[in-house]
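A.B. asks: Got a structure for you, structure35.pdb, holding PDB, C-alpha atoms.
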```
ATOM      1  CA  MET O  14      59.414  50.826-101.131
ATOM      2  CA  ALA O  15      62.095  49.842 -98.645
ATOM      3  CA  ALA O  16      64.172  46.686 -98.640
ATOM      4  CA  SER O  17      62.399  43.584 -97.363
ATOM      5  CA  THR O  18      62.323  43.221 -93.576
ATOM      6  CA  SER O  19      62.434  39.438 -93.744
ATOM      7  CA  VAL O  20      65.619  37.415 -94.019
ATOM      8  CA  MET O  21      66.789  37.429 -97.598
ATOM      9  CA  ASN O  22      66.504  34.202 -99.553
ATOM     10  CA  SER O  23      69.984  33.394-100.805
ATOM     11  CA  THR O  24      68.536  32.066-104.054
ATOM     12  CA  ASP O  25      67.709  35.668-104.965
ATOM     13  CA  VAL O  26      71.330  36.761-104.678
ATOM     14  CA  VAL O  27      72.961  36.543-108.079
ATOM     15  CA  ILE O  28      76.042  37.732-109.902
ATOM     16  CA  GLN O  29      75.575  39.776-113.061
ATOM     17  CA  VAL O  30      78.286  40.543-115.592
ATOM     18  CA  SER O  31      78.606  43.130-118.328
ATOM     19  CA  SER O  32      81.221  44.183-120.829
ATOM     20  CA  ASP O  33      79.841  47.705-121.213
ATOM     21  CA  ASP O  34      78.052  48.572-117.939
ATOM     22  CA  VAL O  35      74.819  48.800-119.937
ATOM     23  CA  THR O  36      73.654  45.274-120.655
ATOM     24  CA  TYR O  37      74.047  42.895-117.731
ATOM     25  CA  GLU O  38      73.512  39.157-117.800
ATOM     26  CA  ILE O  39      72.999  36.957-114.748
ATOM     27  CA  ILE O  40      75.423  34.063-114.632
ATOM     28  CA  GLY O  41      73.112  31.090-115.174
ATOM     29  CA  LYS O  42      72.594  27.911-113.159
ATOM     30  CA  MET O  43      74.610  29.149-110.208
ATOM     31  CA  THR O  44      74.482  27.193-106.975
ATOM     32  CA  SER O  45      76.478  29.608-104.847
ATOM     33  CA  ALA O  46      77.749  33.169-104.979
ATOM     34  CA  SER O  47      80.065  34.906-102.565
ATOM     35  CA  LEU O  48      81.346  38.424-102.031
ATOM     36  CA  ALA O  49      84.268  39.108 -99.741
ATOM     37  CA  VAL O  50      85.415  42.593 -98.784
ATOM     38  CA  SER O  51      88.506  43.097 -96.701
ATOM     39  CA  MET O  52      90.845  45.746 -95.437
ATOM     40  CA  ALA O  53      94.511  45.147 -94.841
ATOM     41  CA  THR O  54      96.185  46.727 -91.852
ATOM     42  CA  ARG O  55      99.527  48.395 -91.285
ATOM     43  CA  ASP O  56     101.564  47.240 -88.338
ATOM     44  CA  THR O  57     102.345  50.220 -86.145
ATOM     45  CA  SER O  58     103.603  48.283 -83.156
ATOM     46  CA  THR O  59     106.529  49.825 -81.321
ATOM     47  CA  LYS O  60     108.601  49.244 -78.223
ATOM     48  CA  ASP O  61     105.903  51.270 -76.458
ATOM     49  CA  SER O  62     103.070  48.870 -77.400
ATOM     50  CA  ALA O  63     103.483  46.787 -74.234
ATOM     51  CA  GLY O  64     103.522  43.591 -76.242
ATOM     52  CA  TRP O  65     100.227  44.314 -78.000
ATOM     53  CA  MET O  66     100.107  44.588 -81.760
ATOM     54  CA  GLU O  67      98.948  47.988 -82.942
ATOM     55  CA  VAL O  68      97.569  48.605 -86.431
ATOM     56  CA  LEU O  69      96.262  51.366 -88.637
ATOM     57  CA  GLU O  70      93.959  51.149 -91.595
ATOM     58  CA  GLY O  71      95.303  49.872 -94.918
ATOM     59  CA  GLN O  72      94.191  48.995 -98.408
ATOM     60  CA  LYS O  73      90.693  47.742 -99.066
ATOM     61  CA  SER O  74      89.994  44.974-101.564
ATOM     62  CA  TRP O  75      87.151  42.772-102.675
ATOM     63  CA  THR O  76      86.612  39.490-104.471
ATOM     64  CA  LEU O  77      83.722  37.501-105.854
ATOM     65  CA  SER O  78      83.443  33.780-106.290
ATOM     66  CA  GLY O  79      80.765  31.383-107.377
ATOM     67  CA  GLU O  80      79.827  27.883-108.434
ATOM     68  CA  GLY O  81      77.226  26.500-110.783
ATOM     69  CA  LEU O  82      75.980  23.709-112.999
ATOM     70  CA  VAL O  83      77.430  23.559-116.494
ATOM     71  CA  VAL O  84      74.987  24.447-119.266
ATOM     72  CA  TYR O  85      76.479  26.072-122.361
ATOM     73  CA  SER O  86      73.230  26.995-124.085
ATOM     74  CA  ASN O  87      71.267  29.225-121.726
ATOM     75  CA  SER O  88      69.413  32.065-123.417
ATOM     76  CA  GLY O  89      69.767  35.460-121.785
ATOM     77  CA  LYS O  90      72.247  34.228-119.206
ATOM     78  CA  ALA O  91      76.011  34.299-118.994
ATOM     79  CA  THR O  92      77.465  30.799-119.271
ATOM     80  CA  PRO O  93      80.711  29.059-118.352
ATOM     81  CA  ASP O  94      82.162  29.722-121.801
ATOM     82  CA  ASP O  95      81.549  33.467-121.287
ATOM     83  CA  ILE O  96      83.543  33.342-118.068
ATOM     84  CA  TYR O  97      86.318  31.396-119.757
ATOM     85  CA  THR O  98      86.396  34.028-122.529
ATOM     86  CA  PHE O  99      86.702  36.809-119.947
ATOM     87  CA  VAL O 100      89.650  35.011-118.366
ATOM     88  CA  SER O 101      91.250  34.111-121.682
ATOM     89  CA  ASN O 102      90.951  37.652-123.037
ATOM     90  CA  ARG O 103      91.945  39.171-119.689
ATOM     91  CA  SER O 104      88.875  41.381-120.035
ATOM     92  CA  LYS O 105      87.973  44.061-117.535
ATOM     93  CA  VAL O 106      84.392  43.281-116.601
ATOM     94  CA  TYR O 107      81.593  45.094-114.809
ATOM     95  CA  VAL O 108      79.868  43.037-112.136
ATOM     96  CA  LYS O 109      76.929  43.310-109.772
ATOM     97  CA  PHE O 110      76.379  41.143-106.721
ATOM     98  CA  GLY O 111      73.035  40.957-104.945
ATOM     99  CA  SER O 112      69.323  40.695-105.470
ATOM    100  CA  THR O 113      67.740  42.214-108.564
ATOM    101  CA  SER O 114      64.655  43.267-106.602
ATOM    102  CA  THR O 115      64.004  46.983-106.277
ATOM    103  CA  ASP O 116      65.300  48.580-103.076
ATOM    104  CA  GLU O 117      67.356  45.563-102.037
ATOM    105  CA  TYR O 118      71.056  46.288-101.719
ATOM    106  CA  ALA O 119      73.531  45.264-104.367
ATOM    107  CA  TYR O 120      77.251  45.779-104.833
ATOM    108  CA  SER O 121      78.858  46.765-108.096
ATOM    109  CA  GLY O 122      82.298  47.389-109.479
ATOM    110  CA  GLN O 123      84.861  46.351-112.034
ATOM    111  CA  GLY O 124      87.565  43.749-112.127
ATOM    112  CA  TYR O 125      88.897  40.581-113.645
ATOM    113  CA  PHE O 126      87.942  36.928-113.590
ATOM    114  CA  THR O 127      91.136  35.424-112.226
ATOM    115  CA  GLU O 128      90.212  31.761-112.083
ATOM    116  CA  PHE O 129      87.839  29.442-113.881
ATOM    117  CA  SER O 130      87.510  25.723-113.310
ATOM    118  CA  ASN O 131      85.260  23.088-114.759
ATOM    119  CA  ASP O 132      84.833  19.867-112.844
ATOM    120  CA  ALA O 133      83.361  16.707-114.326
ATOM    121  CA  GLY O 134      83.217  13.498-112.356
ATOM    122  CA  PHE O 135      81.445  10.233-113.066
ATOM    123  CA  GLU O 136      77.647   9.981-113.325
ATOM    124  CA  ASP O 137      77.395  13.339-111.645
ATOM    125  CA  ASN O 138      76.696  16.952-112.576
ATOM    126  CA  ALA O 139      79.391  18.842-114.439
ATOM    127  CA  THR O 140      80.075  21.965-112.408
ATOM    128  CA  PHE O 141      82.040  25.160-112.814
ATOM    129  CA  SER O 142      83.514  27.650-110.404
ATOM    130  CA  PHE O 143      85.250  30.984-110.689
ATOM    131  CA  SER O 144      87.045  33.696-108.782
ATOM    132  CA  PHE O 145      86.881  37.388-109.521
ATOM    133  CA  GLN O 146      89.242  40.081-108.283
ATOM    134  CA  GLY O 147      87.733  43.539-108.023
ATOM    135  CA  THR O 148      89.737  46.612-108.861
ATOM    136  CA  SER O 149      89.155  50.045-107.387
ATOM    137  CA  THR O 150      85.861  50.985-105.746
ATOM    138  CA  LEU O 151      83.113  48.600-104.746
ATOM    139  CA  THR O 152      79.846  50.512-104.618
ATOM    140  CA  GLN O 153      76.966  49.570-102.372
ATOM    141  CA  ALA O 154      73.562  50.886-103.414
ATOM    142  CA  ALA O 155      69.882  50.076-103.339
ATOM    143  CA  VAL O 156      68.621  48.538-106.564
ATOM    144  CA  ALA O 157      66.757  51.170-108.558
TER     145      ALA O 157
ATOM    146  CA  MET I 255      57.227   9.440-113.427
ATOM    147  CA  ILE I 256      60.123   6.994-113.508
ATOM    148  CA  GLY I 257      57.586   4.175-113.256
ATOM    149  CA  LYS I 258      56.534   4.875-116.843
ATOM    150  CA  VAL I 259      60.098   4.293-117.980
ATOM    151  CA  ILE I 260      60.495   1.057-116.056
ATOM    152  CA  LYS I 261      57.167  -0.346-117.207
ATOM    153  CA  TYR I 262      57.900   0.606-120.823
ATOM    154  CA  LYS I 263      61.344  -0.935-120.797
ATOM    155  CA  PHE I 264      60.170  -4.176-119.222
ATOM    156  CA  ASP I 265      57.335  -4.471-121.742
ATOM    157  CA  ASN I 266      59.386  -3.503-124.783
ATOM    158  CA  THR I 267      62.675  -5.276-124.173
ATOM    159  CA  SER I 268      62.288  -8.815-125.448
ATOM    160  CA  ALA I 269      64.673 -10.377-122.922
ATOM    161  CA  LEU I 270      62.640  -8.930-120.056
ATOM    162  CA  ASN I 271      59.194  -9.296-121.574
ATOM    163  CA  ASP I 272      59.864 -12.948-122.381
ATOM    164  CA  VAL I 273      60.394 -13.588-118.675
ATOM    165  CA  PHE I 274      57.947 -11.216-116.998
ATOM    166  CA  GLY I 275      55.234 -11.017-119.640
ATOM    167  CA  GLY I 276      53.938  -7.648-118.491
ATOM    168  CA  ARG I 277      53.840  -8.635-114.807
ATOM    169  CA  VAL I 278      55.554  -5.428-113.721
ATOM    170  CA  TYR I 279      53.817  -3.578-110.913
ATOM    171  CA  PRO I 280      54.315  -0.371-108.934
ATOM    172  CA  VAL I 281      54.958  -0.627-105.204
ATOM    173  CA  ILE I 282      53.331  -4.001-104.523
ATOM    174  CA  GLY I 283      52.685  -7.335-106.217
ATOM    175  CA  ALA I 284      49.758  -9.663-105.604
ATOM    176  CA  GLN I 285      50.475 -12.408-103.094
ATOM    177  CA  GLY I 286      50.189 -15.816-104.717
ATOM    178  CA  GLY I 287      50.106 -14.288-108.181
ATOM    179  CA  ALA I 288      51.774 -15.723-111.259
ATOM    180  CA  THR I 289      55.557 -15.628-111.185
ATOM    181  CA  PRO I 290      58.009 -14.343-112.067
ATOM    182  CA  PHE I 291      56.975 -10.752-111.595
ATOM    183  CA  ALA I 292      58.673  -7.459-110.858
ATOM    184  CA  VAL I 293      57.777  -4.710-108.417
ATOM    185  CA  TYR I 294      59.318  -1.279-108.625
ATOM    186  CA  ASP I 295      59.210   1.655-106.270
ATOM    187  CA  THR I 296      60.928   4.995-105.905
ATOM    188  CA  THR I 297      62.951   5.038-102.708
ATOM    189  CA  SER I 298      64.177   8.636-102.859
ATOM    190  CA  ILE I 299      64.493  11.667-105.084
ATOM    191  CA  ARG I 300      67.220  14.268-104.731
ATOM    192  CA  THR I 301      66.877  17.487-106.662
ATOM    193  CA  GLU I 302      69.856  19.187-108.272
ATOM    194  CA  GLY I 303      68.810  22.812-108.460
ATOM    195  CA  SER I 304      70.412  26.180-108.848
ATOM    196  CA  LYS I 305      69.425  29.797-108.425
ATOM    197  CA  ASP I 306      67.560  29.459-111.746
ATOM    198  CA  ALA I 307      65.287  26.548-110.914
ATOM    199  CA  ASP I 308      64.194  24.133-108.211
ATOM    200  CA  SER I 309      65.697  21.239-110.101
ATOM    201  CA  HIS I 310      67.552  20.792-113.367
ATOM    202  CA  ILE I 311      68.198  17.131-112.714
ATOM    203  CA  ASP I 312      66.324  14.798-110.384
ATOM    204  CA  ILE I 313      68.445  12.002-108.975
ATOM    205  CA  VAL I 314      65.904   9.218-108.582
ATOM    206  CA  ASN I 315      66.714   6.065-106.613
ATOM    207  CA  VAL I 316      64.600   3.118-107.668
ATOM    208  CA  SER I 317      64.315  -0.353-106.262
ATOM    209  CA  ILE I 318      63.157  -3.180-108.530
ATOM    210  CA  THR I 319      62.316  -6.467-106.841
ATOM    211  CA  LEU I 320      62.133  -9.580-108.966
ATOM    212  CA  VAL I 321      60.124 -12.464-107.560
ATOM    213  CA  GLY I 322      60.183 -15.996-108.948
ATOM    214  CA  THR I 323      60.734 -19.662-108.249
ATOM    215  CA  ASN I 324      63.803 -20.111-110.445
ATOM    216  CA  TYR I 325      66.925 -18.485-109.066
ATOM    217  CA  GLY I 326      68.835 -18.709-112.340
ATOM    218  CA  THR I 327      66.067 -16.996-114.263
ATOM    219  CA  LEU I 328      66.133 -14.080-111.865
ATOM    220  CA  GLN I 329      69.920 -13.797-112.059
ATOM    221  CA  THR I 330      69.745 -13.627-115.828
ATOM    222  CA  ALA I 331      67.002 -11.020-115.529
ATOM    223  CA  VAL I 332      69.268  -8.878-113.378
ATOM    224  CA  ASP I 333      71.866  -8.902-116.146
ATOM    225  CA  ASP I 334      69.151  -7.997-118.639
ATOM    226  CA  ILE I 335      67.982  -5.132-116.439
ATOM    227  CA  ARG I 336      71.527  -3.801-116.224
ATOM    228  CA  SER I 337      72.051  -3.993-119.977
ATOM    229  CA  THR I 338      68.640  -2.394-120.591
ATOM    230  CA  PHE I 339      68.750   0.500-118.132
ATOM    231  CA  VAL I 340      72.350   1.351-117.262
ATOM    232  CA  ARG I 341      73.638   4.337-119.235
ATOM    233  CA  MET I 342      70.338   4.709-121.095
ATOM    234  CA  ASP I 343      69.822   8.144-122.669
ATOM    235  CA  GLU I 344      66.238   8.239-123.884
ATOM    236  CA  THR I 345      62.926  10.041-123.524
ATOM    237  CA  ILE I 346      59.982   7.771-122.739
ATOM    238  CA  SER I 347      56.443   9.088-122.174
ATOM    239  CA  SER I 348      57.880  12.596-121.756
ATOM    240  CA  VAL I 349      60.289  11.409-119.064
ATOM    241  CA  GLU I 350      63.756  12.499-120.179
ATOM    242  CA  VAL I 351      66.295  10.051-118.807
ATOM    243  CA  GLN I 352      69.841  11.399-119.074
ATOM    244  CA  SER I 353      71.483   8.344-117.585
ATOM    245  CA  CYS I 354      71.095   5.428-115.228
ATOM    246  CA  SER I 355      73.562   3.626-113.003
ATOM    247  CA  PHE I 356      73.496   0.328-111.133
ATOM    248  CA  ASP I 357      73.893   0.603-107.368
ATOM    249  CA  THR I 358      73.536  -2.782-105.729
ATOM    250  CA  GLN I 359      71.744  -6.109-105.638
ATOM    251  CA  SER I 360      70.433  -8.178-102.716
ATOM    252  CA  GLU I 361      68.537 -11.446-102.416
ATOM    253  CA  VAL I 362      66.047 -13.140-100.100
ATOM    254  CA  PHE I 363      64.095 -16.394-100.044
ATOM    255  CA  ASN I 364      60.481 -16.643 -98.914
ATOM    256  CA  VAL I 365      60.056 -20.030 -97.199
ATOM    257  CA  ASP I 366      56.261 -19.884 -97.084
ATOM    258  CA  GLU I 367      55.832 -19.096-100.757
ATOM    259  CA  GLU I 368      59.023 -20.845-101.831
ATOM    260  CA  THR I 369      60.036 -17.930-103.996
ATOM    261  CA  TYR I 370      63.246 -16.031-104.442
ATOM    262  CA  GLY I 371      63.337 -12.275-104.300
ATOM    263  CA  VAL I 372      66.111 -10.330-105.966
ATOM    264  CA  GLU I 373      66.253  -6.606-105.386
ATOM    265  CA  VAL I 374      68.092  -4.397-107.854
ATOM    266  CA  ASP I 375      68.770  -0.773-106.970
ATOM    267  CA  LEU I 376      69.222   1.737-109.762
ATOM    268  CA  THR I 377      69.814   5.479-109.841
ATOM    269  CA  PHE I 378      68.312   7.527-112.647
ATOM    270  CA  ARG I 379      69.234  11.053-113.707
ATOM    271  CA  ILE I 380      66.014  12.706-114.957
ATOM    272  CA  ILE I 381      66.255  16.022-116.804
ATOM    273  CA  LYS I 382      63.751  18.563-115.484
ATOM    274  CA  THR I 383      64.601  21.810-117.284
TER     275      THR I 383
END
```
Write the structure described by the file as structure tokens, please.
C.D. replies:
Amino acid sequence: MAASTSVMNSTDVVIQVSSDDVTYEIIGKMTSASLAVSMATRDTSTKDSAGWMEVLEGQKSWTLSGEGLVVYSNSGKATPDDIYTFVSNRSKVYVKFGSTSTDEYAYSGQGYFTEFSNDAGFEDNATFSFSFQGTSTLTQAAVA
Amino acid sequence: MIGKVIKYKFDNTSALNDVFGGRVYPVIGAQGGATPFAVYDTTSIRTEGSKDADSHIDIVNVSITLVGTNYGTLQTAVDDIRSTFVRMDETISSVEVQSCSFDTQSEVFNVDEETYGVEVDLTFRIIKT
């Protein structure tokens, strides 16, 4: 079966984490998830560039970020305290970003949670957010 | 669902029941009926969902209108409503109220019926999952 031809529902896009690349848990109660992939450039402008900046390819990098509602007891799901533990222990973590449906595309790799915040206002939902810095290759593949 | 909570609290809080005596109605009250009475209605519901569920918390805005001939009685009732509902954390008739906050109060006078109307707006946080 091929990937769906209709526009993907963003609700289906989740972030999964794993310590061993075997057992993955979806981060629970998330309200947003983002993946950003970028490539830096090298400035190769010279006196011959006629005033136009010239560049060549550079390093690639990727990051993840997300937000959610704080619930510490959420069976089968990764919770804010798990993310804090990853940050606190400076753990290298396996992650997957994308739908869990077969044949949809997902991105996977390794990296570190670099930021975790927990926001609690007044008569409002307690929320959390995080940033994740990928290291080395980000792999794009259809979900098996 | 929030109506069950409001009705229960009015009927089971002595300060409110002494005044309203069970005359607590959803949406509309009978014209010319015994006073004072209270009418409650849900003005809006905002869901607080995530990728896991449609809503974990419903933010329910409720308007309670108190109608009576004695202005002072209604003012006291407003205080009693605030002390009864605000910051409540209780499950009533399977409705799990996490909290409640007071939003605003407004007043009118009906010349024809010679009754005061005091509207109290509350916001409830209802746990869904």
A.B. asks: Would you list which chain O residues are within 8 Å of chain I using all atoms listed in the file, as a PyMOL selection string?
C.D. replies: chain O and resi 24-25+27+41-45+81-82+136
A.B. asks: Taking the file as shown, find all residues satisfying the PyMOL selection byres ((chain O and resi 117-122) around 6) and write them as a PDB file with C-alpha atoms, in the frame of the given file.
C.D. replies:
```
ATOM      1  CA  ALA O  16      64.172  46.686 -98.640  1.00  0.00           C
ATOM      2  CA  TYR O 107      81.593  45.094-114.809  1.00  0.00           C
ATOM      3  CA  VAL O 108      79.868  43.037-112.136  1.00  0.00           C
ATOM      4  CA  LYS O 109      76.929  43.310-109.772  1.00  0.00           C
ATOM      5  CA  PHE O 110      76.379  41.143-106.721  1.00  0.00           C
ATOM      6  CA  GLY O 111      73.035  40.957-104.945  1.00  0.00           C
ATOM      7  CA  SER O 114      64.655  43.267-106.602  1.00  0.00           C
ATOM      8  CA  THR O 115      64.004  46.983-106.277  1.00  0.00           C
ATOM      9  CA  ASP O 116      65.300  48.580-103.076  1.00  0.00           C
ATOM     10  CA  GLN O 123      84.861  46.351-112.034  1.00  0.00           C
ATOM     11  CA  LEU O 151      83.113  48.600-104.746  1.00  0.00           C
ATOM     12  CA  THR O 152      79.846  50.512-104.618  1.00  0.00           C
ATOM     13  CA  GLN O 153      76.966  49.570-102.372  1.00  0.00           C
ATOM     14  CA  ALA O 154      73.562  50.886-103.414  1.00  0.00           C
ATOM     15  CA  ALA O 155      69.882  50.076-103.339  1.00  0.00           C
ATOM     16  CA  VAL O 156      68.621  48.538-106.564  1.00  0.00           C
TER      17      VAL O 156
END
```
A.B. asks: Counting only C-alpha atoms, figure out which residue out of I:Pro280, I:Met255, I:Thr338, I:Phe363 gets nearest to Tyr294 of chain I.
C.D. replies: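 Once distances to Tyr294 of chain I are computed over only C-alpha atoms, the minimum belongs to I:Pro280.
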A.B. asks: Which residues match the PyMOL selection byres ((chain O and resi 71) around 12) in the file above, as a list in words?
C.D. replies: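 For this structure, the PyMOL selection byres ((chain O and resi 71) around 12) resolves to Ser51, Met52, Ala53, Thr54, Arg55, Asp56, Thr57, Val68, Leu69, Glu70, Gln72, Lys73 and Ser74 of chain O.
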A.B. asks: Which value, in Å to one decimal, gives the distance between atom CA of Ile96 of chain O and atom CA of Thr36 of chain O?
C.D. replies: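 Interatomic distance here is 15.7 Å.
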A.B. asks: Applying 12 Å and only C-alpha atoms, which residues near Ser347 of chain I remain after dropping the ones on its own chain fewer than 3 positions away? List them as a list in words.
C.D. replies: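 In the requested format, the answer is Met255, Ile256, Gly257, Lys258, Val259, Ile260, Lys261, Tyr262, Lys263, Glu344, Glu350 and Val351 of chain I.
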A.B. asks: With 3 Å on each side, where is the centre of the axis-aligned box around all listed atoms of segment 363-378 of chain I, and how long are its edges in Å to one decimal, as AutoDock Vina command-line options?
C.D. replies:
```
--center_x 62.8 --center_y -6.7 --center_z -104.9 --size_x 20.0 --size_y 34.4 --size_z 21.6
```
A.B. asks: Take atom CA of Arg300 of chain I and atom CA of Gly134 of chain O and report the distance between them in Å, one decimal.
C.D. replies: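 It comes out at 17.7 Å.
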A.B. asks: Name the residues that the PyMOL selection byres ((chain I and resi 356) around 8) pulls out of this structure, and write them as a PDB file with C-alpha atoms, in the frame of the given file.
C.D. replies:
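Dumped everything to expr_15.pdb:
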```pdb
ATOM      1  CA  ARG I 336      71.527  -3.801-116.224  1.00  0.00           C
ATOM      2  CA  VAL I 340      72.350   1.351-117.262  1.00  0.00           C
ATOM      3  CA  CYS I 354      71.095   5.428-115.228  1.00  0.00           C
ATOM      4  CA  SER I 355      73.562   3.626-113.003  1.00  0.00           C
ATOM      5  CA  ASP I 357      73.893   0.603-107.368  1.00  0.00           C
ATOM      6  CA  THR I 358      73.536  -2.782-105.729  1.00  0.00           C
ATOM      7  CA  VAL I 374      68.092  -4.397-107.854  1.00  0.00           C
ATOM      8  CA  ASP I 375      68.770  -0.773-106.970  1.00  0.00           C
ATOM      9  CA  LEU I 376      69.222   1.737-109.762  1.00  0.00           C
ATOM     10  CA  THR I 377      69.814   5.479-109.841  1.00  0.00           C
TER      11      THR I 377
END
```
A.B. asks: How many Å separate atom CA of Thr296 of chain I from atom CA of Glu367 of chain I?
C.D. replies: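 Value for the atom CA of Thr296 of chain I-atom CA of Glu367 of chain I distance: 25.2 Å.
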A.B. asks: Looking at only C-alpha atoms, which of O:Ser130, O:Ser62, O:Ser47, O:Thr140 is the one that sits closest to Gly79 of chain O?
C.D. replies: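 Using only C-alpha atoms, the shortest distance to Gly79 of chain O belongs to O:Ser47.
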A.B. asks: Nearest residue to Asp295 of chain I out of I:Ile282, I:Val349, I:Ile381, I:Leu270, using all atoms listed in the file?
C.D. replies: I:Ile282
A.B. asks: Quick one: everything within 12 Å of Ser360 of chain I, counting only C-alpha atoms, minus sequence neighbours fewer than 6 positions away in the same chain. Send it as a PyMOL selection string.
C.D. replies: chain I and resi 317-320+328-329+332+370-375
